[in-house]
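For reference, input.cif (mmCIF, C-alpha atoms and all ligand atoms):
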```cif
data_coords
loop_
_atom_site.label_atom_id
_atom_site.label_comp_id
_atom_site.auth_asym_id
_atom_site.auth_seq_id
_atom_site.Cartn_x
_atom_site.Cartn_y
_atom_site.Cartn_z
CA MET I 116 22.36 37.32 13.48
CA LYS I 117 21.98 33.56 14.04
CA LYS I 118 24.96 31.96 15.75
CA ARG I 119 27.14 29.65 13.60
CA MET I 120 27.40 26.15 14.99
CA LYS I 121 30.89 24.98 15.90
CA VAL I 122 31.45 21.57 14.34
CA GLY I 123 33.75 18.85 15.66
CA LEU I 124 34.67 16.62 12.69
CA VAL I 125 35.89 13.20 13.79
CA GLY I 126 38.07 11.49 11.16
CA ALA I 127 38.63 14.86 9.46
CA SER I 128 41.74 13.76 7.51
CA GLY I 129 40.07 10.64 6.07
CA ARG I 130 38.36 10.14 2.69
CA MET I 131 34.95 11.10 4.08
CA GLY I 132 36.35 13.74 6.42
CA GLN I 133 37.96 15.63 3.52
CA GLU I 134 34.76 15.49 1.49
CA ILE I 135 32.70 16.78 4.44
CA THR I 136 35.24 19.55 5.09
CA LYS I 137 34.73 20.85 1.51
CA ILE I 138 30.95 21.02 2.02
CA LEU I 139 31.15 22.56 5.50
CA LYS I 140 33.41 25.32 4.13
CA GLY I 141 30.50 26.39 1.93
CA THR I 142 27.83 26.06 4.64
CA PRO I 143 27.33 29.45 6.37
CA SER I 144 25.54 27.99 9.40
CA PHE I 145 28.55 25.82 10.35
CA GLU I 146 32.03 26.74 11.52
CA LEU I 147 35.01 24.34 11.23
CA HIS I 148 36.09 24.32 14.86
CA LEU I 149 37.75 21.06 15.85
CA ALA I 150 39.26 18.25 13.74
CA ILE I 151 39.89 14.91 15.43
CA CYS I 152 42.29 12.65 13.52
CA ARG I 153 45.83 11.28 13.39
CA GLN I 154 47.02 14.22 11.23
CA SER I 155 49.09 16.85 13.06
CA SER I 156 47.21 19.95 11.87
CA LEU I 157 44.47 20.70 9.33
CA ALA I 158 44.52 24.28 8.02
CA GLU I 159 40.73 24.62 7.64
CA PHE I 160 40.05 24.00 11.35
CA ALA I 161 40.68 26.22 14.34
CA TYR I 162 42.08 23.18 16.21
CA THR I 163 43.29 19.67 15.28
CA ARG I 164 43.58 17.06 18.03
CA ALA I 165 44.23 13.30 18.14
CA GLN I 166 41.68 12.69 20.93
CA PRO I 167 38.15 14.00 21.48
CA SER I 168 38.82 14.36 25.22
CA CYS I 169 40.52 17.73 24.70
CA LEU I 170 39.75 21.18 26.09
CA GLU I 171 38.30 22.48 22.80
CA ALA I 172 35.63 19.73 22.77
CA LYS I 173 33.63 21.74 25.32
CA GLU I 174 33.08 24.45 22.67
CA VAL I 175 31.75 22.00 20.03
CA ASP I 176 28.01 22.49 19.24
CA LEU I 177 27.69 19.40 17.04
CA TRP I 178 29.81 16.34 16.24
CA ILE I 179 30.07 14.70 12.81
CA ASP I 180 31.90 11.39 12.95
CA PHE I 181 33.29 9.32 10.05
CA SER I 182 36.20 7.53 11.69
CA SER I 183 36.53 4.11 13.31
CA PRO I 184 34.40 2.23 15.88
CA GLU I 185 37.09 2.86 18.53
CA LEU I 186 37.18 6.63 17.98
CA LEU I 187 33.40 6.81 17.67
CA GLN I 188 33.08 5.31 21.16
CA LYS I 189 35.56 7.76 22.67
CA THR I 190 33.82 10.74 21.04
CA LEU I 191 30.41 9.50 22.12
CA SER I 192 31.50 9.64 25.79
CA VAL I 193 32.60 13.26 25.31
CA ALA I 194 29.34 14.12 23.50
CA ILE I 195 27.27 12.67 26.36
CA LYS I 196 29.30 14.57 28.95
CA ASN I 197 28.86 17.89 27.13
CA LYS I 198 25.30 17.15 25.89
CA THR I 199 26.27 17.67 22.24
CA PRO I 200 24.26 16.32 19.24
CA PHE I 201 26.10 13.54 17.43
CA VAL I 202 25.90 12.50 13.75
CA SER I 203 27.79 9.37 12.76
CA GLY I 204 28.27 7.36 9.59
CA THR I 205 31.01 5.11 10.97
CA THR I 206 30.45 1.45 10.13
CA GLY I 207 31.84 -1.85 11.38
CA LEU I 208 30.24 -1.36 14.81
CA ASP I 209 29.69 -4.39 17.05
CA THR I 210 26.45 -4.94 18.97
CA LYS I 211 27.91 -3.31 22.13
CA GLN I 212 28.79 -0.15 20.18
CA VAL I 213 25.31 0.00 18.62
CA SER I 214 23.77 -0.41 22.11
CA ALA I 215 26.02 2.38 23.41
CA LEU I 216 24.69 4.71 20.69
CA LYS I 217 21.09 3.81 21.56
CA ARG I 218 21.73 4.33 25.29
CA ALA I 219 23.33 7.70 24.59
CA ALA I 220 20.22 8.71 22.60
CA LYS I 221 18.34 8.77 25.91
CA SER I 222 20.25 11.93 26.80
CA ILE I 223 21.36 13.53 23.48
CA PRO I 224 20.16 13.69 19.84
CA ILE I 225 21.93 10.99 17.78
CA LEU I 226 21.67 10.26 14.08
CA TRP I 227 23.54 7.18 12.90
CA ALA I 228 23.27 5.76 9.39
CA SER I 229 25.38 3.13 7.69
CA ASN I 230 24.60 5.02 4.48
CA MET I 231 23.95 8.77 4.43
CA SER I 232 22.48 8.89 0.91
CA LEU I 233 18.76 9.58 0.60
CA GLY I 234 18.74 6.98 -2.22
CA VAL I 235 19.51 4.12 0.16
CA ALA I 236 16.78 5.39 2.52
CA VAL I 237 14.41 5.23 -0.48
CA LEU I 238 15.66 1.73 -1.40
CA THR I 239 15.03 0.56 2.17
CA GLU I 240 11.46 1.86 1.98
CA ALA I 241 10.96 0.31 -1.49
CA MET I 242 11.94 -3.14 -0.16
CA LYS I 243 8.74 -3.17 1.91
CA VAL I 244 6.89 -4.26 -1.26
CA PHE I 245 8.64 -7.65 -0.97
CA ALA I 246 6.21 -8.49 1.86
CA ARG I 247 3.82 -9.38 -1.03
CA VAL I 248 6.26 -12.01 -2.40
CA ARG I 249 7.96 -13.22 0.74
CA GLN I 250 8.18 -16.77 -0.72
CA PHE I 251 10.78 -15.56 -3.30
CA ASP I 252 14.50 -16.21 -2.74
CA PHE I 253 16.44 -13.08 -1.72
CA GLN I 254 20.10 -12.12 -1.92
CA ILE I 255 21.90 -8.85 -1.15
CA GLU I 256 25.11 -8.12 -3.03
CA GLU I 257 27.54 -5.22 -2.52
CA PHE I 258 30.60 -3.83 -4.31
CA HIS I 259 33.14 -1.40 -2.81
CA HIS I 260 36.64 -0.04 -3.37
CA ARG I 261 39.54 -2.28 -2.38
CA ARG I 262 40.54 -0.13 0.63
CA LYS I 263 37.24 -0.59 2.47
CA LYS I 264 37.94 -2.05 5.92
CA ASP I 265 34.63 -3.74 6.83
CA SER I 266 32.90 -6.57 4.96
CA PRO I 267 29.99 -6.90 4.41
CA SER I 268 29.42 -3.16 4.26
CA GLY I 269 27.39 -1.45 6.97
CA THR I 270 24.78 -0.63 4.33
CA ALA I 271 24.49 -4.29 3.29
CA LYS I 272 24.01 -5.27 6.95
CA SER I 273 21.29 -2.60 7.43
CA LEU I 274 19.53 -3.66 4.19
CA GLN I 275 19.74 -7.32 5.26
CA GLN I 276 18.15 -6.53 8.62
CA ALA I 277 15.37 -4.48 6.99
CA LEU I 278 14.71 -7.19 4.38
CA GLU I 279 14.59 -9.97 6.99
CA ASN I 280 12.05 -7.89 8.92
CA VAL I 281 9.95 -7.52 5.74
CA VAL I 282 9.95 -11.22 4.75
CA GLY I 283 9.92 -12.54 8.32
CA ARG I 284 12.79 -15.02 8.05
CA GLU I 285 16.56 -15.31 8.10
CA LEU I 286 18.19 -14.88 4.67
CA PRO I 287 21.59 -15.93 3.24
CA PRO I 288 24.30 -13.43 4.25
CA PRO I 289 25.20 -10.55 1.85
CA LEU I 290 27.81 -11.22 -0.87
CA SER I 291 30.73 -8.76 -0.87
CA VAL I 292 33.02 -7.85 -3.75
CA ARG I 293 36.08 -5.59 -3.26
CA GLY I 294 37.94 -3.93 -6.10
CA GLY I 295 39.00 -0.75 -7.87
CA GLY I 296 37.60 2.56 -6.74
CA ILE I 297 33.88 1.72 -6.50
CA PHE I 298 32.16 4.16 -4.08
CA GLY I 299 29.37 1.69 -3.26
CA ILE I 300 26.88 -0.45 -5.18
CA HIS I 301 24.13 -2.36 -3.40
CA LYS I 302 21.81 -4.80 -5.14
CA VAL I 303 18.78 -6.59 -3.75
CA HIS I 304 17.83 -9.67 -5.77
CA ALA I 305 14.35 -11.20 -5.47
CA MET I 306 14.22 -14.47 -7.38
CA ALA I 307 11.40 -16.80 -8.36
CA GLU I 308 11.20 -19.69 -10.84
CA ASP I 309 10.15 -17.46 -13.77
CA GLU I 310 11.28 -13.95 -12.83
CA HIS I 311 14.15 -12.02 -11.27
CA ILE I 312 13.78 -8.53 -9.78
CA ILE I 313 16.85 -6.41 -9.00
CA PHE I 314 16.71 -3.21 -6.94
CA GLU I 315 20.02 -1.39 -7.27
CA HIS I 316 21.59 1.71 -5.76
CA SER I 317 24.92 3.11 -6.98
CA ALA I 318 26.77 5.93 -5.28
CA LEU I 319 28.32 7.96 -8.11
CA ASN I 320 30.77 9.78 -5.85
CA ARG I 321 31.71 10.19 -2.19
CA ALA I 322 30.01 13.60 -2.07
CA VAL I 323 26.59 11.91 -1.93
CA PHE I 324 27.42 10.60 1.57
CA ALA I 325 29.07 13.85 2.64
CA ASN I 326 26.11 15.98 1.48
CA GLY I 327 23.76 13.59 3.25
CA ALA I 328 25.79 13.86 6.44
CA VAL I 329 25.72 17.68 6.39
CA GLU I 330 21.97 17.69 5.69
CA ALA I 331 21.52 15.20 8.54
CA ALA I 332 23.60 17.46 10.81
CA LYS I 333 21.44 20.53 10.01
CA TRP I 334 18.33 18.46 10.65
CA LEU I 335 19.63 16.99 13.92
CA SER I 336 20.71 20.37 15.27
CA LEU I 337 16.99 21.23 15.65
CA LYS I 338 16.03 17.94 17.35
CA LYS I 339 15.66 16.86 20.94
CA LYS I 340 17.31 13.73 22.38
CA GLY I 341 16.53 10.50 20.51
CA PHE I 342 17.92 7.96 18.05
CA TYR I 343 17.36 8.92 14.42
CA GLY I 344 18.28 7.62 10.95
CA MET I 345 18.13 8.84 7.36
CA ARG I 346 14.53 7.62 7.10
CA ASP I 347 13.63 10.39 9.57
CA VAL I 348 15.38 12.97 7.36
CA LEU I 349 13.66 11.53 4.25
CA TYR I 350 10.22 11.85 5.80
CA SER I 351 10.91 15.11 7.64
CA GLU I 352 8.14 17.69 7.38
CA THR I 353 10.55 20.48 6.53
CA LYS I 354 11.71 18.77 3.29
P1 LIG I 401 39.54 6.68 6.30
O1 LIG I 401 40.36 5.52 6.76
O2 LIG I 401 39.89 7.36 5.02
O3 LIG I 401 39.50 7.82 7.44
C1 LIG I 401 39.41 7.54 8.83
C2 LIG I 401 39.70 8.80 9.63
O4 LIG I 401 39.51 8.52 11.02
C3 LIG I 401 41.11 9.35 9.50
O5 LIG I 401 41.06 10.77 9.62
C4 LIG I 401 41.84 8.78 10.74
O6 LIG I 401 42.91 9.61 11.15
C5 LIG I 401 40.69 8.84 11.75
N1 LIG I 401 40.83 7.82 12.84
C6 LIG I 401 40.33 6.56 12.85
N2 LIG I 401 40.60 5.97 14.02
C7 LIG I 401 41.29 6.88 14.77
C8 LIG I 401 41.84 6.88 16.07
N3 LIG I 401 41.77 5.79 16.86
N4 LIG I 401 42.46 8.01 16.53
C9 LIG I 401 42.55 9.12 15.73
N5 LIG I 401 42.05 9.16 14.49
C10 LIG I 401 41.43 8.07 14.01
O7 LIG I 401 38.03 6.14 6.25
P2 LIG I 401 36.78 6.71 5.39
O8 LIG I 401 36.72 6.02 4.07
O9 LIG I 401 36.75 8.19 5.47
O10 LIG I 401 35.57 6.08 6.25
C11 LIG I 401 35.39 6.38 7.63
C12 LIG I 401 34.17 5.60 8.14
O11 LIG I 401 32.98 6.06 7.46
C13 LIG I 401 34.22 4.08 7.86
O12 LIG I 401 33.63 3.42 8.96
C14 LIG I 401 33.39 3.92 6.60
O13 LIG I 401 32.84 2.63 6.43
C15 LIG I 401 32.30 4.94 6.88
N6 LIG I 401 31.56 5.42 5.71
C16 LIG I 401 30.24 5.66 5.91
C17 LIG I 401 29.45 6.17 4.90
C18 LIG I 401 28.01 6.48 5.17
O14 LIG I 401 27.31 6.98 4.27
N7 LIG I 401 27.53 6.23 6.38
C19 LIG I 401 30.03 6.44 3.64
C20 LIG I 401 31.40 6.20 3.46
C21 LIG I 401 32.16 5.70 4.51
#
```
Please rewrite the model in this file as structure tokens.
Ligand code: NAD
Amino acid sequence: MKKRMKVGLVGASGRMGQEITKILKGTPSFELHLAICRQSSLAEFAYTRAQPSCLEAKEVDLWIDFSSPELLQKTLSVAIKNKTPFVSGTTGLDTKQVSALKRAAKSIPILWASNMSLGVAVLTEAMKVFARVRQFDFQIEEFHHRRKKDSPSGTAKSLQQALENVVGRELPPPLSVRGGGIFGIHKVHAMAEDEHIIFEHSALNRAVFANGAVEAAKWLSLKKKGFYGMRDVLYSETK
């Protein structure tokens, strides 16, 4: 019988952590081994710890991280030390933290995505068509629930970067709206004198990110060292 992979879930008590826990419980190839969070104990996991530098971390076969930039960095050090694949959807990273992820990818498999939905990976690919109308005006707009900590969203920043690469110039910064319980809406406006195109992606629930993260984790568990994103999962040959 194939061995079940022991998962370390970083941020397990959070909104995303709880959603991922539900999916992992129904995924036979994964075992809920270690929860890292501020909570004292989570019943679904064999162990709950406040820090990733704990004894049980050595037994983890794969990390899934939806926490904070600070905790991501601590867990990354442990993952490098133990040579463990690392999936992360944590946003709000500064340039040093992004560089640390890319450096780590020289020794372990890493998949980081500011948005784990396949839909946003599709949207990012679709934006390449704007190379044909690069003279248009462009604006990215995002809406999220009022408890979201970072602004603009990580997804808006990634879309902005991708769009600037496509049109070959700097664009006005994303517009952010915070309110209610919105899971995440991202709009890309392309505007000319006589026409207005809007590409829009709406997350209908939090499960879309959690399912994406678990799919990404299964995919990454078969990969060698390197830095991957959801585009790689989207275009993967096994799909
Ligand atoms: P949350 O605040 O509900 O949960 C955060 C979790 O991390 C909690 O379990 C908390 O205990 C833990 N944590 C954070 N810092 C810690 C520390 N220093 N020590 C111990 N525990 C710590 O947040 P959330 O809504 O679940 O989002 C988590 C992250 O995921 C955010 O960065 C968010 O933007 C991102 N996110 C990404 C995607 C995506 O698709 N990539 C989707 C949704 C959210």
* Write out as a VMD selection string the residues lying within 9 Å of stretch 284-300 of chain I, counting only C-alpha atoms and excluding same-chain residues fewer than 3 positions away. => chain I and resid 249 252 to 263 266 to 268 271 to 272 275 to 276 278 to 281 315 to 321
Distance query I:Gly204 at most 8 Å, all atoms listed in the file, self and fewer than 6 positions along chain excluded, as a PyMOL selection string
chain I and resi 180-181+227-231+328
### Query
From the set I:Ser156, I:Ser192, I:Ser222, I:Thr206, which residue has the shortest atom-to-atom contact distance to ligand LIG 401 (chain I), counting only C-alpha atoms and all ligand atoms?
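Closest candidate: I:Thr206.
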Using only C-alpha atoms and all ligand atoms, I'd like a table of the residues in chain I that come within 7 Å of ligand LIG 401 (chain I); for each, show the closest atom pair and its distance in Å rounded to one decimal, ordered by chain and ascending number, as CSV.
```
residue,atom,partner,partner_atom,distance
I:Val125,CA,I:LIG401,O4,6.5
I:Gly126,CA,I:LIG401,O4,3.3
I:Ala127,CA,I:LIG401,O5,4.8
I:Ser128,CA,I:LIG401,O5,3.7
I:Gly129,CA,I:LIG401,O3,3.2
I:Arg130,CA,I:LIG401,O9,3.8
I:Met131,CA,I:LIG401,O9,3.7
I:Gly132,CA,I:LIG401,O9,5.6
I:Ile151,CA,I:LIG401,N5,6.2
I:Cys152,CA,I:LIG401,N5,3.6
I:Arg153,CA,I:LIG401,O6,4.0
I:Gln154,CA,I:LIG401,O6,6.2
I:Ala165,CA,I:LIG401,C9,5.1
I:Gln166,CA,I:LIG401,C9,6.4
I:Phe181,CA,I:LIG401,O11,4.2
I:Ser182,CA,I:LIG401,O4,3.5
I:Ser183,CA,I:LIG401,N2,4.5
I:Glu185,CA,I:LIG401,N3,5.8
I:Leu186,CA,I:LIG401,N3,4.8
I:Gly204,CA,I:LIG401,N7,3.5
I:Thr205,CA,I:LIG401,O12,3.7
I:Thr206,CA,I:LIG401,O12,3.9
I:Gly207,CA,I:LIG401,O12,6.1
I:Ala228,CA,I:LIG401,N7,5.2
I:Ser229,CA,I:LIG401,N7,4.0
I:Asn230,CA,I:LIG401,O14,3.4
I:Met231,CA,I:LIG401,O14,3.8
I:Ser232,CA,I:LIG401,O14,6.2
I:Lys263,CA,I:LIG401,O13,6.7
I:Lys264,CA,I:LIG401,O13,6.9
I:Asp265,CA,I:LIG401,O13,6.6
I:Gly269,CA,I:LIG401,O13,6.8
I:Arg321,CA,I:LIG401,C20,6.9
I:Phe324,CA,I:LIG401,O14,4.5
```
The distance between atom CA of I:Glu174 and atom CA of I:Glu134 is 23.1 Å
- Quick one: residues within 12 Å of I:Lys118, all atoms listed in the file counted, chain neighbours fewer than 5 positions away excluded, as a ChimeraX atom specification? /I:143-146,176
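For the pair atom CA of I:Leu157 and atom CA of I:Asn197, the separation is 23.8 Å.
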From atom CA of I:Lys302 to atom CA of I:Phe314 the spacing works out at 5.6 Å
Using all atoms listed in the file, the residue out of I:Lys221, I:Gln133, I:Ala305, I:Pro200 with shortest distance to I:Val244 is I:Ala305
As a PDB file with C-alpha atoms, in the frame of the given file, please: the residues near I:Leu335 (cut-off 8 Å, all atoms listed in the file, same-chain neighbours under 6 positions excluded).
```pdb
ATOM      1  CA  PRO I 200      24.260  16.320  19.240  1.00  0.00           C
ATOM      2  CA  VAL I 202      25.900  12.500  13.750  1.00  0.00           C
ATOM      3  CA  PRO I 224      20.160  13.690  19.840  1.00  0.00           C
ATOM      4  CA  ILE I 225      21.930  10.990  17.780  1.00  0.00           C
ATOM      5  CA  LEU I 226      21.670  10.260  14.080  1.00  0.00           C
TER       6      LEU I 226
END
```
One residue among I:Tyr350, I:Phe245, I:Phe251, I:Trp178 is nearest to I:Lys333 when using only C-alpha atoms, and that residue is I:Trp178
